[in-house]
Amino acid sequence: MCGITARVGDDDSLEALLGSLENLEYRGYDSAGIAMQNGSELAISKCEGEVSDLRSELAFTGQNGRVGIGHTRWSTHGPPTDENAHPHTGCHGRVAVVHNGIIENYAELREELRTRGHEFTSDTDTEVIPHLVEEELGAGRDAETAFRRAIDRLEGSYAIAMIVDDDPTIYATRNGSPLVVGVGETANYLASDVPAFLEFTDRVVYLEDDDVVAVTVDGHRITDATGDPISRSIETVDWDPEDAEKGSYDHYMLKEIHEQPMALRQTLHGRIDDDDVVLEEFPSGTFDDVSRVQLVACGTSYHAGMYGEWLLSNWGIDADTHIASEYAAYPAPVDENTLVIGVTQSGETADTLEALASARRRGARTLALTNVIGSTAARTCDDALFIRAGPEIGVAATKTFSSQVASLVLLGERLVRDVTGEPTEDHRQRLDALESLPEHVEMVTQDTLATAISRRWLGESGHFFIGRGNAYSVALEGALKFKEITYEHAEGFAAGELKHGPLALVTPETPVFAVGTGEHRNRLESNINEIQTRGAPVIAIAPRNATELADTADEFLPVPATHPDLVAILANVQLQLIAYHAADEMDRSIDKPRNLAKSVTVE
Ligand code: F6R
């Protein structure tokens, strides 16, 4: 993971770099650092902790300059300490490097450099890079050649930015980790992700693997691995800078929960026409040849994938969901009629990219369902469908889950029509309900019951979440959200599975959140009775008209009654609010939960 950023301007860069790092903290927040160049030498400040700690440290140094690089870290090699924080430099302090990714052959390189007298001050894999570059500079090579020769030695995945003491240029490259150039008027930028510099420019160039870019105040020049010039187009991103800011909310997560109606309107905009689905990227007939669908994803996106699988299977399409990290190692059989859909908010999750690559190598067709235009998944898959949820900064995914599922409903309808020649049976009602979804989510976010419920039902020894059908994926998602931001034990189950083991854990100290979609009400009711018999309180989250559930459960949290295929999306918003308010009550680090990062670019 980690976030890297860089700026070269005709004015001082420090403040902009610190702001960029704050916008990238969702990628990691173990330690942070900045290196500035003042025309003849480098000054480096770095420390364990968050960017706010670095900001306080820098307030005393007066360090500044026109050219700078910055880093916010999620540790992979070496604990989060001042020494392991980036930027890293070589023995002579001539070079500063920030890196996102993993250098797989760092141990051999470190050993080799040691035998030539280099001394290392950190445990990181990154530190070999500035030492290699300094050797090349010492041999009389110019900075760009030295950079190229150093990266030629690296194996692994990386996005790297480098500055040297006497050259007002930032050199950078990528291989498997994201890197974007921001093209400004009086300054140019580089970063792992667009929100880093969105307040300064919306004009971006997405770099490809092995591109080497040299960025100066006057522009940027891209070359391939052999040094030949390459032209990459400048694209304009249509994200509003305010989308990437917290506004009046206490946390990004709460802001993003409340943004869901707007995000869904964007997701659906122009994609439903009366009783037809209009996906510009996928005209009618696009999926005629598809005989099987596999969804690969991680975490929250995996739960959205499960929801999609449930819809597709219900509509007669052969579909399975796979945990991407497992699929990458133990791939399921595919052929040229298999469509493998990578569900990934960031489009940069290493496990998902590897699963997609494995499917592609074996001849399957791949499709990225992602939020990020220009992401690796979007660029490397055969097709991409963008969920258009806007930037999500909180580490816990919220609005992107709703937009992923809504997109899967649309994509599923397209697939069914292409494969079977007929629309789904009740498509008219479902599409109507989908159009009303933003309004229904708004009704949920305006409801304040979740705050009181989260306080009343905080368990002493665990929290269980159950559901049937598509509500099973939401039970898993509700538990994931709860555990990742409260640090309390939470587990999701298929409602019918409790009696096959987990019921042994159920006591009066373990509240159970039961998600109902309005279908199979009797079955869920029996499961609730089984739980209550063991003394556990049950909080039912179900459509307002599920009166028998309201009567049976100890607490009832209603959601608008809509098409049963979509109810669980609304229930999920209630569960997001419950997790948020429980974590807030416990004073947890909601936007940056311990040990986690938003974009997991390591396998
Ligand atoms: C949990 C969460 C993670 C991500 C997972 C996949 O709230 O955000 O579980 O869903 O790391 O990330 P993407 O969707 O970017 O591939």
# chains A, B, ... in the order shown; residues from 1 in each chain; ligands from 1

$ select_by_dssp --residues "stretch 168-384 of chain A" --states "strand (DSSP E)" --output "number ranges by chain"
A: 168-175, 180-183, 187-191, 203-206, 212-216, 219-223, 229-230, 235-236, 272-273, 276-277, 292-297, 319-323, 338-344, 365-370, 383-384

$ residues_near_ligand --ligand "ligand 1" --cutoff "6 Å" --atoms "only C-alpha atoms and all ligand atoms" --output "list in words"
Cys298, Gly299, Thr300, Ser301, Thr344, Gln345, Ser346, Gly347, Thr349, Val395, Ala396, Ala397, Lys481, Lys598, Ser599 and Val600 of chain A

$ write_last_selection --atoms "N, CA, C and O atoms" --output "mmCIF file, in the first residue's frame"
data_model
loop_
_atom_site.group_PDB
_atom_site.id
_atom_site.type_symbol
_atom_site.label_atom_id
_atom_site.label_comp_id
_atom_site.auth_asym_id
_atom_site.auth_seq_id
_atom_site.Cartn_x
_atom_site.Cartn_y
_atom_site.Cartn_z
ATOM 1 N N CYS A 298 -12.352 -8.843 -3.065
ATOM 2 C CA CYS A 298 -11.917 -8.960 -1.672
ATOM 3 C C CYS A 298 -12.817 -8.107 -0.780
ATOM 4 O O CYS A 298 -13.325 -7.071 -1.220
ATOM 5 N N GLY A 299 -12.936 -8.497 0.468
ATOM 6 C CA GLY A 299 -13.574 -7.681 1.505
ATOM 7 C C GLY A 299 -14.987 -7.257 1.124
ATOM 8 O O GLY A 299 -15.828 -8.069 0.696
ATOM 9 N N THR A 300 -15.248 -5.977 1.273
ATOM 10 C CA THR A 300 -16.571 -5.441 0.966
ATOM 11 C C THR A 300 -16.948 -5.713 -0.491
ATOM 12 O O THR A 300 -18.099 -6.053 -0.797
ATOM 13 N N SER A 301 -15.997 -5.585 -1.383
ATOM 14 C CA SER A 301 -16.291 -5.829 -2.798
ATOM 15 C C SER A 301 -16.663 -7.287 -3.028
ATOM 16 O O SER A 301 -17.461 -7.609 -3.908
ATOM 17 N N THR A 344 -13.954 -4.234 -7.759
ATOM 18 C CA THR A 344 -12.907 -3.563 -6.990
ATOM 19 C C THR A 344 -13.101 -2.059 -7.022
ATOM 20 O O THR A 344 -13.016 -1.451 -8.091
ATOM 21 N N GLN A 345 -13.379 -1.499 -5.854
ATOM 22 C CA GLN A 345 -13.573 -0.055 -5.753
ATOM 23 C C GLN A 345 -12.375 0.673 -6.338
ATOM 24 O O GLN A 345 -12.509 1.502 -7.223
ATOM 25 N N SER A 346 -11.191 0.338 -5.806
ATOM 26 C CA SER A 346 -9.978 1.072 -6.183
ATOM 27 C C SER A 346 -9.461 0.687 -7.556
ATOM 28 O O SER A 346 -8.787 1.474 -8.218
ATOM 29 N N GLY A 347 -9.725 -0.541 -7.954
ATOM 30 C CA GLY A 347 -9.132 -1.042 -9.197
ATOM 31 C C GLY A 347 -7.643 -1.324 -9.040
ATOM 32 O O GLY A 347 -6.937 -1.552 -10.028
ATOM 33 N N THR A 349 -6.418 -3.322 -6.108
ATOM 34 C CA THR A 349 -6.182 -4.371 -5.115
ATOM 35 C C THR A 349 -5.373 -5.507 -5.749
ATOM 36 O O THR A 349 -5.817 -6.128 -6.726
ATOM 37 N N VAL A 395 -11.575 4.537 5.146
ATOM 38 C CA VAL A 395 -11.039 3.202 4.863
ATOM 39 C C VAL A 395 -12.168 2.178 4.747
ATOM 40 O O VAL A 395 -12.137 1.279 3.909
ATOM 41 N N ALA A 396 -13.201 2.325 5.573
ATOM 42 C CA ALA A 396 -14.332 1.394 5.499
ATOM 43 C C ALA A 396 -15.210 1.766 4.299
ATOM 44 O O ALA A 396 -15.738 2.875 4.221
ATOM 45 N N ALA A 397 -15.342 0.840 3.382
ATOM 46 C CA ALA A 397 -16.139 1.109 2.172
ATOM 47 C C ALA A 397 -17.621 1.190 2.527
ATOM 48 O O ALA A 397 -18.130 0.344 3.258
ATOM 49 N N LYS A 481 -18.054 -4.524 8.567
ATOM 50 C CA LYS A 481 -18.014 -3.090 8.888
ATOM 51 C C LYS A 481 -17.891 -2.908 10.392
ATOM 52 O O LYS A 481 -17.115 -2.102 10.877
ATOM 53 N N LYS A 598 -6.845 1.487 2.883
ATOM 54 C CA LYS A 598 -7.945 1.351 1.941
ATOM 55 C C LYS A 598 -7.562 0.540 0.710
ATOM 56 O O LYS A 598 -8.296 -0.308 0.258
ATOM 57 N N SER A 599 -6.405 0.874 0.176
ATOM 58 C CA SER A 599 -6.050 0.255 -1.090
ATOM 59 C C SER A 599 -4.938 -0.755 -0.836
ATOM 60 O O SER A 599 -3.819 -0.382 -0.502
ATOM 61 N N VAL A 600 -5.268 -2.035 -0.947
ATOM 62 C CA VAL A 600 -4.312 -3.069 -0.540
ATOM 63 C C VAL A 600 -3.550 -3.553 -1.769
ATOM 64 O O VAL A 600 -3.978 -4.478 -2.457
#

$ closest_residue --among "A:Arg27, A:Arg521, A:Arg141, A:His88" --to "A:Ile44" --atoms "only C-alpha atoms"
A:His88

$ residues_around --residues "stretch 365-367 of chain A" --least-positions-apart "6" --cutoff "7 Å" --atoms "only C-alpha atoms" --output "list in words"
Glu336, Thr338, Leu339, Val340, Ile341, Gly342, Leu356, Cys381, Asp382, Asp383 and Ala384 of chain A

$ write_last_selection --atoms "all heavy atoms" --output "short mmCIF file (atom, residue, chain, number, x, y, z; two decimals), in the first residue's frame"
data_model
loop_
_atom_site.label_atom_id
_atom_site.label_comp_id
_atom_site.auth_asym_id
_atom_site.auth_seq_id
_atom_site.Cartn_x
_atom_site.Cartn_y
_atom_site.Cartn_z
N GLU A 336 -13.22 -19.62 -23.03
CA GLU A 336 -13.39 -18.32 -23.68
C GLU A 336 -14.80 -17.76 -23.53
O GLU A 336 -15.05 -16.60 -23.81
CB GLU A 336 -12.93 -18.35 -25.15
CG GLU A 336 -13.79 -19.14 -26.10
CD GLU A 336 -13.51 -20.65 -26.11
OE1 GLU A 336 -12.81 -21.13 -25.20
OE2 GLU A 336 -14.03 -21.34 -27.01
N THR A 338 -16.25 -17.74 -20.57
CA THR A 338 -16.39 -17.35 -19.17
C THR A 338 -16.11 -15.85 -19.05
O THR A 338 -15.10 -15.36 -19.55
CB THR A 338 -15.38 -18.11 -18.28
OG1 THR A 338 -15.48 -19.50 -18.58
CG2 THR A 338 -15.64 -17.87 -16.81
N LEU A 339 -17.00 -15.15 -18.37
CA LEU A 339 -16.78 -13.73 -18.09
C LEU A 339 -16.35 -13.63 -16.63
O LEU A 339 -17.10 -14.02 -15.72
CB LEU A 339 -18.08 -12.94 -18.31
CG LEU A 339 -18.00 -11.45 -17.97
CD1 LEU A 339 -17.08 -10.70 -18.95
CD2 LEU A 339 -19.38 -10.79 -17.98
N VAL A 340 -15.13 -13.12 -16.40
CA VAL A 340 -14.65 -12.97 -15.02
C VAL A 340 -14.73 -11.48 -14.66
O VAL A 340 -14.09 -10.64 -15.29
CB VAL A 340 -13.21 -13.51 -14.87
CG1 VAL A 340 -12.73 -13.32 -13.43
CG2 VAL A 340 -13.18 -15.00 -15.23
N ILE A 341 -15.56 -11.19 -13.66
CA ILE A 341 -15.79 -9.79 -13.27
C ILE A 341 -14.98 -9.50 -12.01
O ILE A 341 -15.18 -10.14 -10.97
CB ILE A 341 -17.29 -9.53 -12.99
CG1 ILE A 341 -18.14 -9.91 -14.21
CG2 ILE A 341 -17.52 -8.08 -12.59
CD1 ILE A 341 -19.65 -9.76 -13.98
N GLY A 342 -14.05 -8.56 -12.10
CA GLY A 342 -13.29 -8.12 -10.92
C GLY A 342 -14.05 -6.97 -10.29
O GLY A 342 -14.18 -5.91 -10.88
N LEU A 356 -7.61 -11.58 -11.78
CA LEU A 356 -8.03 -11.22 -13.15
C LEU A 356 -6.96 -11.63 -14.17
O LEU A 356 -7.26 -12.14 -15.25
CB LEU A 356 -8.30 -9.72 -13.25
CG LEU A 356 -9.58 -9.23 -12.54
CD1 LEU A 356 -9.57 -7.71 -12.36
CD2 LEU A 356 -10.83 -9.65 -13.33
N CYS A 381 -8.28 -4.92 -17.96
CA CYS A 381 -9.37 -5.85 -18.30
C CYS A 381 -9.86 -5.59 -19.72
O CYS A 381 -9.67 -4.50 -20.27
CB CYS A 381 -10.53 -5.68 -17.33
SG CYS A 381 -10.21 -6.46 -15.75
N ASP A 382 -10.54 -6.57 -20.30
CA ASP A 382 -11.09 -6.39 -21.64
C ASP A 382 -12.14 -5.28 -21.64
O ASP A 382 -12.27 -4.54 -22.61
CB ASP A 382 -11.74 -7.70 -22.13
CG ASP A 382 -10.71 -8.82 -22.19
OD1 ASP A 382 -9.65 -8.58 -22.79
OD2 ASP A 382 -10.94 -9.90 -21.61
N ASP A 383 -12.93 -5.22 -20.56
CA ASP A 383 -13.99 -4.21 -20.46
C ASP A 383 -13.99 -3.61 -19.06
O ASP A 383 -13.47 -4.23 -18.12
CB ASP A 383 -15.36 -4.85 -20.67
CG ASP A 383 -15.51 -5.47 -22.05
OD1 ASP A 383 -15.41 -4.72 -23.03
OD2 ASP A 383 -15.70 -6.70 -22.11
N ALA A 384 -14.63 -2.44 -18.94
CA ALA A 384 -14.78 -1.84 -17.60
C ALA A 384 -16.15 -1.22 -17.49
O ALA A 384 -16.65 -0.62 -18.45
CB ALA A 384 -13.71 -0.79 -17.37
#

$ closest_atom_pairs --of "stretch 491-544 of chain A" --to "stretch 433-445 of chain A" --cutoff "12 Å" --atoms "only C-alpha atoms" --output "tab-separated table"
residue	atom	partner	partner_atom	distance
A:Ile541	CA	A:Val444	CA	11.3
A:Ala542	CA	A:Val444	CA	11.7
A:Pro543	CA	A:His440	CA	11.1
A:Arg544	CA	A:Val444	CA	11.3

$ residues_around --residues "A:Cys91" --least-positions-apart "5" --cutoff "10 Å" --atoms "only C-alpha atoms" --output "list in words"
Gly117, His118, Glu119, Phe120, Thr121, Pro130, His131, Glu134 and Glu135 of chain A

$ write_last_selection --atoms "C-alpha atoms" --output "compact mmCIF listing (two decimals), in the first residue's frame"
# COMPACT_ATOMS: atom_id res chain seq x y z
CA GLY A 117 30.50 -0.65 1.60
CA HIS A 118 26.95 0.71 1.73
CA GLU A 119 25.41 1.17 5.16
CA PHE A 120 21.68 0.85 5.73
CA THR A 121 19.68 2.71 8.33
CA PRO A 130 18.63 5.32 -3.34
CA HIS A 131 21.85 3.37 -2.71
CA GLU A 134 23.85 6.98 -5.74
CA GLU A 135 26.32 4.41 -7.06

$ residues_around --residues "A:Thr451" --least-positions-apart "6" --cutoff "9 Å" --atoms "only C-alpha atoms" --output "PyMOL selection string"
chain A and resi 577-578+580-582
